[in-house]
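Raw data-v6.tsv, TSV, C-alpha atoms and all ligand atoms:
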chain	number	residue	atom	x	y	z
B	790	MET	CA	-238.86	40.60	213.04
B	791	LYS	CA	-241.45	40.72	210.22
B	792	LYS	CA	-244.20	39.72	212.71
B	793	LYS	CA	-243.10	42.51	215.05
B	794	VAL	CA	-243.37	45.12	212.27
B	795	ILE	CA	-246.83	43.88	211.24
B	796	ARG	CA	-247.98	43.98	214.88
B	797	LEU	CA	-246.66	47.53	215.27
B	798	LEU	CA	-248.42	48.60	212.07
B	799	LEU	CA	-251.67	47.06	213.29
B	800	ILE	CA	-251.40	48.76	216.69
B	801	THR	CA	-250.69	52.12	215.01
B	802	ARG	CA	-253.67	51.67	212.69
B	803	MET	CA	-255.96	50.72	215.62
B	804	LYS	CA	-254.73	53.72	217.62
B	805	LYS	CA	-255.39	56.03	214.68
B	806	ARG	CA	-258.94	54.61	214.39
B	807	ASP	CA	-259.49	55.03	218.17
B	808	ASP	CA	-258.24	58.66	218.02
B	809	TYR	CA	-260.53	59.30	215.05
B	810	GLU	CA	-263.57	57.94	216.93
B	811	MET	CA	-262.56	59.83	220.08
B	812	ASN	CA	-262.60	63.12	218.13
B	813	LYS	CA	-266.22	62.36	217.29
B	814	VAL	CA	-266.99	61.69	220.95
B	815	GLU	CA	-265.41	65.09	221.75
B	816	GLU	CA	-267.70	66.75	219.16
B	817	ASN	CA	-270.68	64.99	220.75
B	818	LYS	CA	-269.57	66.24	224.16
B	819	LYS	CA	-269.59	69.84	222.93
B	820	ALA	CA	-272.93	69.37	221.16
B	821	TRP	CA	-274.76	67.83	224.15
B	822	GLY	CA	-273.26	70.52	226.40
B	823	LEU	CA	-275.23	73.14	224.48
B	824	LEU	CA	-278.46	71.62	225.80
B	825	SER	CA	-277.61	71.05	229.48
B	826	GLN	CA	-279.24	74.12	230.98
B	827	GLU	CA	-282.41	73.89	228.90
B	828	HIS	CA	-282.76	70.19	229.74
B	829	TYR	CA	-282.38	70.96	233.45
B	830	LYS	CA	-285.12	73.61	233.25
B	831	HIS	CA	-287.41	71.34	231.20
B	832	PHE	CA	-287.10	68.35	233.54
B	833	LYS	CA	-287.32	70.46	236.71
B	834	LYS	CA	-290.64	71.90	235.49
B	835	ARG	CA	-291.92	68.41	234.56
B	836	PHE	CA	-291.07	67.07	238.03
B	837	GLN	CA	-292.60	70.10	239.75
B	838	GLU	CA	-295.82	69.66	237.75
B	839	GLN	CA	-295.80	65.94	238.77
B	840	LYS	CA	-295.63	65.11	235.06
B	841	TYR	CA	-292.34	63.23	234.97
B	842	SER	CA	-292.04	59.49	235.44
B	843	LEU	CA	-290.11	56.65	233.86
B	844	ASN	CA	-291.21	55.19	230.54
B	845	PRO	CA	-294.22	52.90	231.34
B	846	ILE	CA	-292.62	49.98	229.45
B	847	VAL	CA	-289.49	50.32	231.58
B	848	LEU	CA	-291.55	50.55	234.77
B	849	LYS	CA	-293.32	47.27	233.99
B	850	GLU	CA	-290.18	45.38	232.96
B	851	LEU	CA	-287.82	46.65	235.65
B	852	GLY	CA	-289.93	45.51	238.62
B	853	ASN	CA	-289.15	46.40	242.23
B	854	ILE	CA	-285.75	48.07	242.54
B	855	CYS	CA	-286.10	49.35	246.11
B	856	GLY	CA	-282.77	49.14	247.97
B	857	LYS	CA	-280.82	48.19	244.82
B	858	LYS	CA	-277.58	49.88	243.76
B	859	VAL	CA	-278.08	51.17	240.22
B	860	LEU	CA	-275.52	52.47	237.72
B	861	HIS	CA	-277.35	54.62	235.15
B	862	LEU	CA	-275.36	55.03	231.92
B	863	GLN	CA	-275.80	58.24	229.85
B	864	CYS	CA	-278.03	59.96	232.41
B	865	ASN	CA	-278.11	63.40	230.72
B	866	THR	CA	-279.25	65.94	233.36
B	867	GLY	CA	-280.40	63.19	235.71
B	868	ALA	CA	-284.19	63.00	235.21
B	869	ASP	CA	-284.36	59.20	234.91
B	870	SER	CA	-281.70	58.72	237.61
B	871	ILE	CA	-283.92	60.76	239.94
B	872	ALA	CA	-287.00	58.75	238.88
B	873	LEU	CA	-285.09	55.53	239.71
B	874	ALA	CA	-284.01	56.99	243.07
B	875	LYS	CA	-287.65	57.89	243.82
B	876	MET	CA	-288.39	54.15	243.42
B	877	GLY	CA	-286.04	53.54	246.37
B	878	ALA	CA	-282.82	52.65	244.52
B	879	ASN	CA	-279.40	54.12	245.31
B	880	VAL	CA	-278.35	55.53	241.98
B	881	ILE	CA	-275.14	56.74	240.35
B	882	GLY	CA	-275.72	58.48	237.02
B	883	VAL	CA	-272.92	58.82	234.48
B	884	ASP	CA	-272.72	61.17	231.54
B	885	LEU	CA	-270.06	62.42	229.13
B	886	VAL	CA	-270.84	66.10	229.61
B	887	PRO	CA	-269.63	67.90	232.77
B	888	ASP	CA	-272.43	70.48	232.49
B	889	ASN	CA	-275.01	67.67	232.42
B	890	ILE	CA	-273.53	66.40	235.68
B	891	TYR	CA	-273.53	69.89	237.21
B	892	PHE	CA	-277.23	70.32	236.35
B	893	ALA	CA	-278.11	66.73	237.35
B	894	LYS	CA	-276.68	67.39	240.83
B	895	LYS	CA	-278.57	70.70	240.97
B	896	LEU	CA	-281.83	69.01	239.91
B	897	ALA	CA	-281.46	66.34	242.62
B	898	LYS	CA	-280.75	69.06	245.20
B	899	ASP	CA	-283.72	71.19	244.06
B	900	LEU	CA	-286.01	68.15	244.32
B	901	GLU	CA	-284.44	67.08	247.65
B	902	ILE	CA	-283.51	63.61	246.41
B	903	GLU	CA	-280.52	62.33	248.36
B	904	ASN	CA	-280.07	58.72	247.22
B	905	VAL	CA	-278.60	59.74	243.87
B	906	ASP	CA	-275.22	61.08	242.76
B	907	PHE	CA	-273.57	61.75	239.43
B	908	ILE	CA	-270.17	61.44	237.76
B	909	ALA	CA	-268.82	62.78	234.49
B	910	SER	CA	-267.18	60.19	232.26
B	911	ASP	CA	-267.17	58.83	228.75
B	912	ILE	CA	-268.79	55.36	229.04
B	913	MET	CA	-265.89	54.13	226.89
B	914	GLU	CA	-263.51	55.12	229.73
B	915	LEU	CA	-265.70	54.34	232.73
B	916	MET	CA	-263.75	51.23	233.78
B	917	GLU	CA	-260.67	53.43	234.29
B	918	ASN	CA	-262.58	56.35	235.86
B	919	HIS	CA	-264.90	54.70	238.37
B	920	GLU	CA	-264.83	51.97	241.01
B	921	GLY	CA	-267.97	50.25	242.18
B	922	ILE	CA	-270.15	47.19	241.85
B	923	TYR	CA	-273.89	47.31	241.19
B	924	ASP	CA	-277.09	45.25	241.37
B	925	ILE	CA	-278.37	46.87	238.19
B	926	VAL	CA	-276.73	48.60	235.23
B	927	PHE	CA	-279.43	50.62	233.45
B	928	THR	CA	-279.61	52.64	230.23
B	929	SER	CA	-282.53	53.91	228.16
B	930	ASP	CA	-284.09	56.03	225.45
B	931	GLY	CA	-281.53	57.52	223.08
B	932	ALA	CA	-278.32	56.13	224.56
B	933	ILE	CA	-276.66	53.35	222.53
B	934	GLY	CA	-276.03	55.10	219.20
B	935	TRP	CA	-273.74	57.68	220.81
B	936	LEU	CA	-271.16	54.99	221.61
B	937	PRO	CA	-268.46	54.07	219.06
B	938	ASP	CA	-267.59	50.61	220.45
B	939	LEU	CA	-270.33	48.22	221.56
B	940	LYS	CA	-267.87	45.46	222.47
B	941	LYS	CA	-266.33	47.78	225.04
B	942	TRP	CA	-269.85	48.80	226.14
B	943	GLY	CA	-270.63	45.11	226.83
B	944	ARG	CA	-267.40	44.61	228.79
B	945	THR	CA	-268.08	47.79	230.78
B	946	ILE	CA	-271.57	46.61	231.74
B	947	LYS	CA	-270.24	43.21	232.86
B	948	HIS	CA	-267.39	44.85	234.79
B	949	PHE	CA	-269.77	46.86	237.00
B	950	LEU	CA	-272.33	44.09	237.65
B	951	LYS	CA	-272.54	41.90	240.75
B	952	ASP	CA	-272.68	38.17	239.94
B	953	ASP	CA	-276.40	38.15	240.85
B	954	GLY	CA	-277.11	41.56	239.29
B	955	PHE	CA	-278.68	42.38	235.93
B	956	PHE	CA	-278.40	44.76	232.99
B	957	TYR	CA	-281.49	46.45	231.56
B	958	VAL	CA	-281.76	48.53	228.37
B	959	HIS	CA	-284.73	50.07	226.58
B	960	ASP	CA	-283.83	52.02	223.43
B	961	SER	CA	-284.62	52.68	219.77
B	962	HIS	CA	-285.00	49.53	217.71
B	963	PRO	CA	-282.05	49.44	215.25
B	964	PHE	CA	-284.42	48.56	212.36
B	965	TYR	CA	-286.51	51.68	213.10
B	966	LEU	CA	-283.35	53.82	213.01
B	967	THR	CA	-282.78	52.96	209.35
B	968	PHE	CA	-285.84	54.92	208.14
B	969	ASP	CA	-286.10	58.54	207.01
B	970	GLU	CA	-287.66	60.08	210.14
B	971	ASP	CA	-289.53	62.84	208.26
B	972	LYS	CA	-291.20	60.40	205.86
B	973	LEU	CA	-292.22	58.06	208.70
B	974	THR	CA	-294.51	60.78	210.06
B	975	ARG	CA	-296.49	60.37	206.79
B	976	GLY	CA	-296.47	56.58	207.13
B	977	VAL	CA	-293.82	56.22	204.39
B	978	THR	CA	-291.00	53.75	205.07
B	979	GLU	CA	-287.89	54.65	203.10
B	980	ILE	CA	-284.45	53.53	204.22
B	981	LYS	CA	-282.12	56.50	204.71
B	982	TYR	CA	-279.52	55.11	207.13
B	983	PRO	CA	-278.10	51.69	206.09
B	984	TYR	CA	-278.57	49.07	208.79
B	985	PHE	CA	-275.02	47.71	208.48
B	986	LYS	CA	-273.20	51.05	208.20
B	987	GLU	CA	-270.12	51.11	210.44
B	988	GLU	CA	-269.11	54.75	209.98
B	989	ALA	CA	-270.88	57.25	212.22
B	990	ASP	CA	-273.59	59.38	210.68
B	991	GLU	CA	-272.81	63.11	210.92
B	992	ASP	CA	-275.65	65.49	211.76
B	993	ASP	CA	-275.60	69.28	211.99
B	994	LYS	CA	-278.26	69.49	214.72
B	995	ILE	CA	-278.61	68.20	218.26
B	996	GLY	CA	-281.58	67.89	220.63
B	997	GLY	CA	-285.15	69.00	220.12
B	998	TYR	CA	-286.89	66.58	222.50
B	999	ALA	CA	-286.50	68.56	225.75
B	1000	SER	CA	-285.09	71.80	224.33
B	1001	GLU	CA	-284.88	73.74	221.10
B	1002	ALA	CA	-282.71	71.88	218.56
B	1003	LYS	CA	-279.29	73.57	218.28
B	1004	GLU	CA	-276.83	73.75	215.42
B	1005	ALA	CA	-273.84	71.58	216.23
B	1006	LYS	CA	-271.94	68.77	214.61
B	1007	SER	CA	-272.79	65.42	216.19
B	1008	TYR	CA	-272.08	61.77	215.41
B	1009	PHE	CA	-274.36	58.76	215.83
B	1010	TRP	CA	-273.41	55.15	215.20
B	1011	MET	CA	-275.93	52.67	213.78
B	1012	TYR	CA	-276.12	49.42	215.72
B	1013	THR	CA	-277.55	46.11	214.62
B	1014	MET	CA	-279.52	43.72	216.81
B	1015	SER	CA	-276.72	41.16	216.37
B	1016	ASN	CA	-274.05	43.74	217.43
B	1017	LEU	CA	-276.02	44.39	220.57
B	1018	VAL	CA	-276.73	40.81	221.58
B	1019	ASN	CA	-273.27	39.55	220.61
B	1020	SER	CA	-271.44	42.30	222.48
B	1021	LEU	CA	-273.30	41.36	225.66
B	1022	ALA	CA	-272.94	37.60	225.13
B	1023	GLN	CA	-269.21	37.94	224.38
B	1024	ALA	CA	-268.77	39.97	227.56
B	1025	GLY	CA	-270.23	37.05	229.57
B	1026	LEU	CA	-273.90	37.96	229.87
B	1027	PHE	CA	-276.90	35.69	229.37
B	1028	ILE	CA	-279.96	37.23	227.66
B	1029	ASP	CA	-283.08	36.86	229.86
B	1030	PHE	CA	-285.45	38.58	227.44
B	1031	LEU	CA	-285.53	40.69	224.30
B	1032	ASN	CA	-288.86	42.48	223.68
B	1033	GLU	CA	-289.92	44.67	220.73
B	1034	TYR	CA	-292.51	47.45	220.68
B	1035	ASP	CA	-294.26	49.56	218.03
B	1036	ARG	CA	-294.27	52.64	220.32
B	1037	ALA	CA	-291.91	54.92	222.22
B	1038	VAL	CA	-291.77	57.80	224.69
B	1039	PRO	CA	-292.14	61.29	223.12
B	1040	GLY	CA	-288.97	62.33	221.32
B	1041	MET	CA	-288.09	58.77	220.33
B	1042	GLY	CA	-290.50	58.34	217.39
B	1043	GLY	CA	-294.26	58.14	216.74
B	1044	THR	CA	-296.86	60.83	216.18
B	1045	THR	CA	-299.98	59.77	218.11
B	1046	ALA	CA	-300.28	59.09	221.83
B	1047	ASP	CA	-301.84	55.93	223.28
B	1048	GLU	CA	-303.56	55.77	226.67
B	1049	GLU	CA	-300.18	55.45	228.45
B	1050	GLY	CA	-298.69	58.49	226.69
B	1051	LEU	CA	-296.49	56.39	224.38
B	1052	LEU	CA	-296.34	57.49	220.73
B	1053	TYR	CA	-296.91	55.33	217.65
B	1054	TYR	CA	-297.41	55.86	213.90
B	1055	PRO	CA	-301.09	55.02	213.17
B	1056	ALA	CA	-300.33	53.86	209.60
B	1057	LEU	CA	-297.55	51.58	210.89
B	1058	GLU	CA	-299.10	50.34	214.14
B	1059	GLY	CA	-298.30	46.65	214.56
B	1060	ALA	CA	-296.23	46.76	211.37
B	1061	MET	CA	-292.75	47.71	212.54
B	1062	PRO	CA	-290.79	47.90	215.80
B	1063	ILE	CA	-289.78	51.30	217.16
B	1064	THR	CA	-288.18	50.33	220.48
B	1065	PHE	CA	-286.82	47.22	222.18
B	1066	SER	CA	-285.94	46.15	225.70
B	1067	LEU	CA	-283.38	43.64	226.83
B	1068	LYS	CA	-282.48	42.17	230.20
B	1069	ALA	CA	-279.26	40.22	230.72
B	1070	THR	CA	-277.54	38.59	233.68
B	1071	PRO	CA	-273.91	37.54	234.26
B	1072	ARG	CA	-273.30	33.90	233.32
O	1101	LIG	C1	-280.65	61.18	224.59
O	1101	LIG	S1	-279.62	61.41	225.98
O	1101	LIG	C2	-280.09	60.06	227.01
O	1101	LIG	C3	-281.19	60.45	227.86
O	1101	LIG	C4	-281.64	59.34	228.75
O	1101	LIG	N1	-282.85	58.80	228.27
O	1101	LIG	C5	-281.82	59.82	230.16
O	1101	LIG	O1	-281.78	58.99	231.03
O	1101	LIG	O2	-282.06	60.98	230.40
O	1101	LIG	C6	-278.03	60.85	225.46
O	1101	LIG	C7	-276.98	61.16	226.48
O	1101	LIG	O3	-275.81	60.40	226.17
O	1101	LIG	C8	-274.70	61.16	226.58
O	1101	LIG	N2	-273.51	60.61	225.93
O	1101	LIG	C9	-273.21	60.65	224.60
O	1101	LIG	N3	-272.06	60.01	224.37
O	1101	LIG	C10	-271.62	59.54	225.58
O	1101	LIG	C11	-270.47	58.82	225.99
O	1101	LIG	N4	-269.54	58.43	225.10
O	1101	LIG	N5	-270.32	58.54	227.29
O	1101	LIG	C12	-271.25	58.96	228.20
O	1101	LIG	N6	-272.37	59.63	227.86
O	1101	LIG	C13	-272.56	59.93	226.57
O	1101	LIG	C14	-275.04	62.57	226.17
O	1101	LIG	O4	-274.28	63.53	226.84
O	1101	LIG	C15	-276.53	62.61	226.51
O	1101	LIG	O5	-276.73	63.16	227.78
Please re-express this file's structure in structure tokens.
Amino acid sequence: MKKKVIRLLLITRMKKRDDYEMNKVEENKKAWGLLSQEHYKHFKKRFQEQKYSLNPIVLKELGNICGKKVLHLQCNTGADSIALAKMGANVIGVDLVPDNIYFAKKLAKDLEIENVDFIASDIMELMENHEGIYDIVFTSDGAIGWLPDLKKWGRTIKHFLKDDGFFYVHDSHPFYLTFDEDKLTRGVTEIKYPYFKEEADEDDKIGGYASEAKEAKSYFWMYTMSNLVNSLAQAGLFIDFLNEYDRAVPGMGGTTADEEGLLYYPALEGAMPITFSLKATPR
């Protein structure tokens, strides 16, 4: 009897915590929705000017994906999904925001790319909302910190992968995310966001990398390198490689462009990681 009561209490507490995190995801959904149309316009122009392509680090590490079925998590208005489709893959992009999906479909239609489609879903609920099995699950540049539960993220990735498929991620290095972003531009490293913080950080602005920044409440969760690797390992994935870089695509950190168009901080070049990549395969 006592055990039953304790279990019930625990379930109620976990449910309350889940509801609390879900409210933050709802706020993020509203916030990202404010940017959908501007992002669509920005990326359409970049494609039309032949100026849009995948991050050069990703291009090198991903290899030939022609003919592969790709699930692209957190696709925004579809620019990278379309870039992957242009490499010959059959792509499904997923994003939380219905307006992002509307504009992603419109962008693909405008650019006459047919081997790509899009669905609206919270990644945290994708296993319930989508059926399919993929050669590659892909996510990149500004994705992970918007998710409240990395263990579920790991299980979701494994769930959608073929036995001989692989997962690929390129994103902000969690160590880099600890620093005060304004001071970094002056070469000053001062920790503003604690590495091990579990509560989401609340911001009153969203966007600014492919649109004007807008005023809106948004929530971002810090992640540690061990959270990341362990969530994938516990889900049944084997890590093939983990690479670290002192540069990033515009909007993800850095002030000065290198010959490939990636940005770095001159005073911190070679001194600290800004991004990382990881490839993992089902065990
Ligand atoms: C910085 S953008 C990622 C852009 C990415 N580099 C791309 O391929 O275009 C972050 C995206 O994550 C989406 N997002 C945030 N929380 C999410 C969630 N819980 N489930 C699905 N998508 C989410 C946002 O709507 C936004 O489009």
**Report entry** Nearest candidate to Tyr1008 (chain B) (options B:Asn918, B:Gln839, B:Thr978, B:Asn812; using all atoms listed in the file)
**Finding:** B:Asn812
Can you pull out every residue with an atom within 7 Å of ligand LIG 1101 (chain O)? Use only C-alpha atoms and all ligand atoms and format it as a CSV table (one decimal) with C-alpha atoms, in the coordinates of the input.
chain,number,residue,atom,x,y,z
B,814,VAL,CA,-267.0,61.7,221.0
B,817,ASN,CA,-270.7,65.0,220.8
B,818,LYS,CA,-269.6,66.2,224.2
B,821,TRP,CA,-274.8,67.8,224.2
B,862,LEU,CA,-275.4,55.0,231.9
B,863,GLN,CA,-275.8,58.2,229.8
B,864,CYS,CA,-278.0,60.0,232.4
B,865,ASN,CA,-278.1,63.4,230.7
B,866,THR,CA,-279.2,65.9,233.4
B,867,GLY,CA,-280.4,63.2,235.7
B,868,ALA,CA,-284.2,63.0,235.2
B,869,ASP,CA,-284.4,59.2,234.9
B,870,SER,CA,-281.7,58.7,237.6
B,883,VAL,CA,-272.9,58.8,234.5
B,884,ASP,CA,-272.7,61.2,231.5
B,885,LEU,CA,-270.1,62.4,229.1
B,886,VAL,CA,-270.8,66.1,229.6
B,889,ASN,CA,-275.0,67.7,232.4
B,910,SER,CA,-267.2,60.2,232.3
B,911,ASP,CA,-267.2,58.8,228.8
B,912,ILE,CA,-268.8,55.4,229.0
B,913,MET,CA,-265.9,54.1,226.9
B,928,THR,CA,-279.6,52.6,230.2
B,929,SER,CA,-282.5,53.9,228.2
B,930,ASP,CA,-284.1,56.0,225.4
B,931,GLY,CA,-281.5,57.5,223.1
B,932,ALA,CA,-278.3,56.1,224.6
B,935,TRP,CA,-273.7,57.7,220.8
B,936,LEU,CA,-271.2,55.0,221.6
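Among the candidates B:Lys834, B:Glu917, B:Tyr1012, B:Val859, the residue lying nearest to Lys940 (chain B) is B:Tyr1012 (atoms considered: only C-alpha atoms).
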Exercise on region 807-813 of chain B, axis-aligned box with 5 Å per side, report centre and edge lengths in Å to one decimal, as AutoDock Vina command-line options:
--center_x -262.2 --center_y 59.1 --center_z 217.6 --size_x 18.0 --size_y 18.1 --size_z 15.0
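The space between CA of Glu920 (chain B) and CA of Ser1015 (chain B) spans 29.4 Å.
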Query raised in the report: Which one of B:Tyr965, B:Lys840, B:His831, B:Lys994 sits closest to Lys981 (chain B) if you count all atoms listed in the file?
Result: B:Tyr965
With all atoms listed in the file as the counted atoms, please give the residues lying no more than 12 Å from Glu1058 (chain B), apart from itself and same-chain residues fewer than 4 positions off, as a PDB file with C-alpha atoms, keeping the file's coordinate frame.
ATOM      1  CA  LEU B 973    -292.220  58.060 208.700  1.00  0.00           C
ATOM      2  CA  GLY B 976    -296.470  56.580 207.130  1.00  0.00           C
ATOM      3  CA  TYR B1034    -292.510  47.450 220.680  1.00  0.00           C
ATOM      4  CA  ASP B1035    -294.260  49.560 218.030  1.00  0.00           C
ATOM      5  CA  ARG B1036    -294.270  52.640 220.320  1.00  0.00           C
ATOM      6  CA  ALA B1037    -291.910  54.920 222.220  1.00  0.00           C
ATOM      7  CA  GLY B1043    -294.260  58.140 216.740  1.00  0.00           C
ATOM      8  CA  THR B1044    -296.860  60.830 216.180  1.00  0.00           C
ATOM      9  CA  THR B1045    -299.980  59.770 218.110  1.00  0.00           C
ATOM     10  CA  ALA B1046    -300.280  59.090 221.830  1.00  0.00           C
ATOM     11  CA  ASP B1047    -301.840  55.930 223.280  1.00  0.00           C
ATOM     12  CA  LEU B1052    -296.340  57.490 220.730  1.00  0.00           C
ATOM     13  CA  TYR B1053    -296.910  55.330 217.650  1.00  0.00           C
ATOM     14  CA  TYR B1054    -297.410  55.860 213.900  1.00  0.00           C
ATOM     15  CA  PRO B1062    -290.790  47.900 215.800  1.00  0.00           C
ATOM     16  CA  ILE B1063    -289.780  51.300 217.160  1.00  0.00           C
TER      17      ILE B1063
END
Requested in this report: Write out as a list in words the residues lying within 8 Å of Ser1020 (chain B), counting only C-alpha atoms and excluding same-chain residues fewer than 4 positions away.
Outcome: Leu939, Lys940, Lys941, Trp942, Gly943, Arg944, Asn1016 and Ala1024 of chain B
Write out, as a short mmCIF file (atom, residue, chain, number, x, y, z; two decimals), in the frame of the given file, the residues just selected, with C-alpha atoms.
data_model
loop_
_atom_site.label_atom_id
_atom_site.label_comp_id
_atom_site.auth_asym_id
_atom_site.auth_seq_id
_atom_site.Cartn_x
_atom_site.Cartn_y
_atom_site.Cartn_z
CA LEU B 939 -270.33 48.22 221.56
CA LYS B 940 -267.87 45.46 222.47
CA LYS B 941 -266.33 47.78 225.04
CA TRP B 942 -269.85 48.80 226.14
CA GLY B 943 -270.63 45.11 226.83
CA ARG B 944 -267.40 44.61 228.79
CA ASN B 1016 -274.05 43.74 217.43
CA ALA B 1024 -268.77 39.97 227.56
#
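Proximity to Lys1068 (chain B) was assessed for B:Lys986, B:Lys849, B:Lys895, B:His959 counting all atoms listed in the file; the smallest distance is recorded for B:His959.
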Query raised in the report: Given the choices B:Leu915, B:Leu1031, B:Met1014, B:Ile854, which gets closest to Tyr984 (chain B) if the distance is worked out from only C-alpha atoms?
Result: B:Met1014
Query raised in the report: Which is closer to Met1041 (chain B) than all the others in B:Arg835, B:Lys1006, B:His962, B:Lys972, using all atoms listed in the file?
Result: B:His962
Requested in this report: Skip Thr967 (chain B) itself and residues of its chain fewer than 2 positions away, then list as a ChimeraX atom specification all residues within 9 Å of it, counting only C-alpha atoms.
Outcome: /B:963-965,969-970,979-984,1011
Requested in this report: Find the residues around Asp1029 (chain B) up to 12 Å (all atoms listed in the file counted), leave out those fewer than 2 positions away in its own chain, and share them as an MDAnalysis selection string.
Outcome: chainID B and resid 850 955:958 1018 1021:1022 1026:1027 1031:1032 1066:1072
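Between CA of Lys858 (chain B) and CA of Thr945 (chain B) the interatomic distance comes to 16.2 Å.
The coordinates place CA of Met811 (chain B) at 19.1 Å from CA of His919 (chain B).
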